[in-house]
Amino acid sequence: MLQPAIRCVEFVESVTDWMEGALVDEERLALEEHLAICPHCTEYVDQLMLARAVLRAAGGQLPQESPPPRARATLLEAFRRERGS
Amino acid sequence: MDRDGTISSEAGASDDDALVLALRAGDARAFEMLIDRYYGTMLRVARMHVSTTEAAEDVVQETFLGVIQGIDRFEGRSSLRTWMFRILVNRAKTRGEREGRSRPFSSLEADLETGQPSVDPDRFEPDGRWAGFWAAPPAATHLPEARVLAAEAGDRVAAAFESLPDTQRTVIVLRDVEGLSALEVCDLLGLSEGNQRVLLHRARTKVRATLEQYLDDRVEVS
């Protein structure tokens, strides 16, 4: 097998730049050439995509800060006062 | 709004219309939904511009008050979310400037994790003709995506997400959960495009590693 212009160890560092369309043509082609012949890096990309899908699906359940009860109450009170209902 | 409470960018416009009408009509439940949906994300964004959590909480509070007062003037030229975040960032920047420090730059520098490898170097061939190629590649996944999405992978990914450094977590939540564009995120957080990408790369790389571990465990038990 002919060795591609870039190696797996470089591919994993540049993969986000590639996914974000931030590479110049020459670099992009080198990455795509690598991807075309490397099943392991293809799997790596698939896992990155899957991780993104899992994160997106988990969106509502991700730990995040909810408003302190007093802040929430103040806001609702302000809303009722201003918008009158 | 979807069942899981996310507002997807694609479905944004018509959902926005209904929500804006409800807010203008004084529907307190619509406003409550808005608070619960965006408070956490707004707090993350505000924290990027001010120096304390208390200041960030104030900014978010002022933003929601601004929404109450300004909803009649919202013209729908951007999404409701973009409009709210613009109010938020304007206020956060003003507050940050008043504090005399617009942002803890040192934490950004640390969170870029310059020079750290994305994947454990031991997983690549150390020398010989194939040096730098996978020695221990990611195992092929045979689980259908739907099963992974439905399974407890979400819990593991959530834990990985929680352990990310602040700026990485903020970037990945805005990009991959909220679905904002790179430019929107740069604008909201005051990041260069390059730094935004590095933070996204670091965050996605770690979340993938956790998912890989989960997938490997599943292979071993099955």
# chains A, B, ... in the order shown; residues from 1 in each chain; ligands from 1

$ closest_atom_pairs --of "range 103-157 of chain B" --to "range 180-198 of chain B" --cutoff "9 Å" --atoms "only C-alpha atoms" --output "tab-separated table"
residue	atom	partner	partner_atom	distance
B:Leu108	CA	B:Asn195	CA	8.9
B:Leu112	CA	B:Val198	CA	6.3
B:Glu113	CA	B:Val198	CA	8.7
B:Thr114	CA	B:Val198	CA	8.8

$ interface_residues --of "chain A" --to "chain B" --cutoff "9 Å" --atoms "only C-alpha atoms" --output "number ranges by chain"
A: 3, 7-10, 12-17, 20, 22, 39-41, 43-44, 46-67, 71-72, 74-76, 78-80, 82-85

$ write_last_selection --atoms "C-alpha atoms" --output "PDB file, in the first residue's frame"
ATOM      1  CA  GLN A   3       1.569   5.751   2.084  1.00  0.00           C
ATOM      2  CA  ARG A   7      -0.590   9.938   8.693  1.00  0.00           C
ATOM      3  CA  CYS A   8      -3.384   8.965  11.114  1.00  0.00           C
ATOM      4  CA  VAL A   9      -1.669  10.808  13.954  1.00  0.00           C
ATOM      5  CA  GLU A  10      -1.925  14.026  11.920  1.00  0.00           C
ATOM      6  CA  VAL A  12      -6.915  13.186  14.118  1.00  0.00           C
ATOM      7  CA  GLU A  13      -5.445  16.629  14.831  1.00  0.00           C
ATOM      8  CA  SER A  14      -6.837  18.230  11.653  1.00  0.00           C
ATOM      9  CA  VAL A  15     -10.190  16.490  11.466  1.00  0.00           C
ATOM     10  CA  THR A  16     -12.189  19.354  13.017  1.00  0.00           C
ATOM     11  CA  ASP A  17     -10.591  21.921  10.710  1.00  0.00           C
ATOM     12  CA  GLU A  20     -15.439  22.936   9.611  1.00  0.00           C
ATOM     13  CA  ALA A  22     -11.286  25.586   7.377  1.00  0.00           C
ATOM     14  CA  PRO A  39     -10.859   2.550   7.389  1.00  0.00           C
ATOM     15  CA  HIS A  40      -9.681   3.360  10.918  1.00  0.00           C
ATOM     16  CA  CYS A  41      -9.792   7.112  10.426  1.00  0.00           C
ATOM     17  CA  GLU A  43     -14.349   4.913  11.857  1.00  0.00           C
ATOM     18  CA  TYR A  44     -12.867   7.756  13.906  1.00  0.00           C
ATOM     19  CA  ASP A  46     -18.017   8.148  12.260  1.00  0.00           C
ATOM     20  CA  GLN A  47     -17.554   8.138  16.028  1.00  0.00           C
ATOM     21  CA  LEU A  48     -17.125  11.916  16.088  1.00  0.00           C
ATOM     22  CA  MET A  49     -20.392  12.274  14.179  1.00  0.00           C
ATOM     23  CA  LEU A  50     -22.137   9.761  16.421  1.00  0.00           C
ATOM     24  CA  ALA A  51     -20.882  11.565  19.527  1.00  0.00           C
ATOM     25  CA  ARG A  52     -22.348  14.778  18.153  1.00  0.00           C
ATOM     26  CA  ALA A  53     -25.685  13.065  17.529  1.00  0.00           C
ATOM     27  CA  VAL A  54     -25.720  11.581  21.047  1.00  0.00           C
ATOM     28  CA  LEU A  55     -24.923  14.968  22.536  1.00  0.00           C
ATOM     29  CA  ARG A  56     -27.639  16.619  20.533  1.00  0.00           C
ATOM     30  CA  ALA A  57     -30.163  13.928  21.487  1.00  0.00           C
ATOM     31  CA  ALA A  58     -29.180  14.279  25.154  1.00  0.00           C
ATOM     32  CA  GLY A  59     -29.560  18.071  24.858  1.00  0.00           C
ATOM     33  CA  GLY A  60     -32.454  18.529  27.239  1.00  0.00           C
ATOM     34  CA  GLN A  61     -30.953  16.179  29.827  1.00  0.00           C
ATOM     35  CA  LEU A  62     -27.468  17.647  29.882  1.00  0.00           C
ATOM     36  CA  PRO A  63     -26.492  18.964  33.263  1.00  0.00           C
ATOM     37  CA  GLN A  64     -26.979  22.681  33.205  1.00  0.00           C
ATOM     38  CA  GLU A  65     -27.745  25.321  35.685  1.00  0.00           C
ATOM     39  CA  SER A  66     -31.335  26.129  36.306  1.00  0.00           C
ATOM     40  CA  PRO A  67     -32.336  29.568  37.516  1.00  0.00           C
ATOM     41  CA  ALA A  71     -34.536  34.807  40.273  1.00  0.00           C
ATOM     42  CA  ARG A  72     -37.167  32.706  38.548  1.00  0.00           C
ATOM     43  CA  THR A  74     -38.771  37.667  40.275  1.00  0.00           C
ATOM     44  CA  LEU A  75     -38.804  37.225  36.509  1.00  0.00           C
ATOM     45  CA  LEU A  76     -42.250  35.640  36.451  1.00  0.00           C
ATOM     46  CA  ALA A  78     -42.093  41.012  36.334  1.00  0.00           C
ATOM     47  CA  PHE A  79     -43.616  39.239  33.355  1.00  0.00           C
ATOM     48  CA  ARG A  80     -47.086  39.153  34.907  1.00  0.00           C
ATOM     49  CA  GLU A  82     -45.602  44.024  32.529  1.00  0.00           C
ATOM     50  CA  ARG A  83     -47.610  41.790  30.269  1.00  0.00           C
ATOM     51  CA  GLY A  84     -50.684  41.848  32.470  1.00  0.00           C
ATOM     52  CA  SER A  85     -52.090  38.399  32.988  1.00  0.00           C
TER      53      SER A  85
END

$ select_by_dssp --residues "range 4-181 of chain B" --states "alpha helix (DSSP H)" --output "MDAnalysis selection string"
chainID B and resid 12:24 28:47 53:70 80:99 105:111 145:150 153:162 166:172

$ closest_residue --among "B:Ala18, B:Val50, B:Leu80, B:Ile71" --to "Thr94 in chain B" --atoms "only C-alpha atoms"
B:Val50

$ residues_around --residues "Ala30 in chain B" --least-positions-apart "6" --cutoff "9 Å" --atoms "only C-alpha atoms" --output "number ranges by chain"
B: 19-20, 22-23

$ write_last_selection --atoms "C-alpha atoms" --output "JSON list (two decimals), in the first residue's frame"
[["chain", "number", "residue", "atom", "x", "y", "z"],
["B", 19, "LEU", "CA", -43.79, 31.69, 21.08],
["B", 20, "VAL", "CA", -43.60, 35.41, 20.34],
["B", 22, "ALA", "CA", -47.78, 33.80, 23.35],
["B", 23, "LEU", "CA", -45.28, 36.11, 25.07]]

$ atom_distance --atom1 "CA of Leu21 in chain B" --atom2 "CA of Val89 in chain B"
24.2 Å

$ atom_distance --atom1 "CA of Ala203 in chain B" --atom2 "CA of Gln168 in chain B"
5.5 Å

$ atom_distance --atom1 "CA of Ser163 in chain B" --atom2 "CA of Gln213 in chain B"
15.7 Å
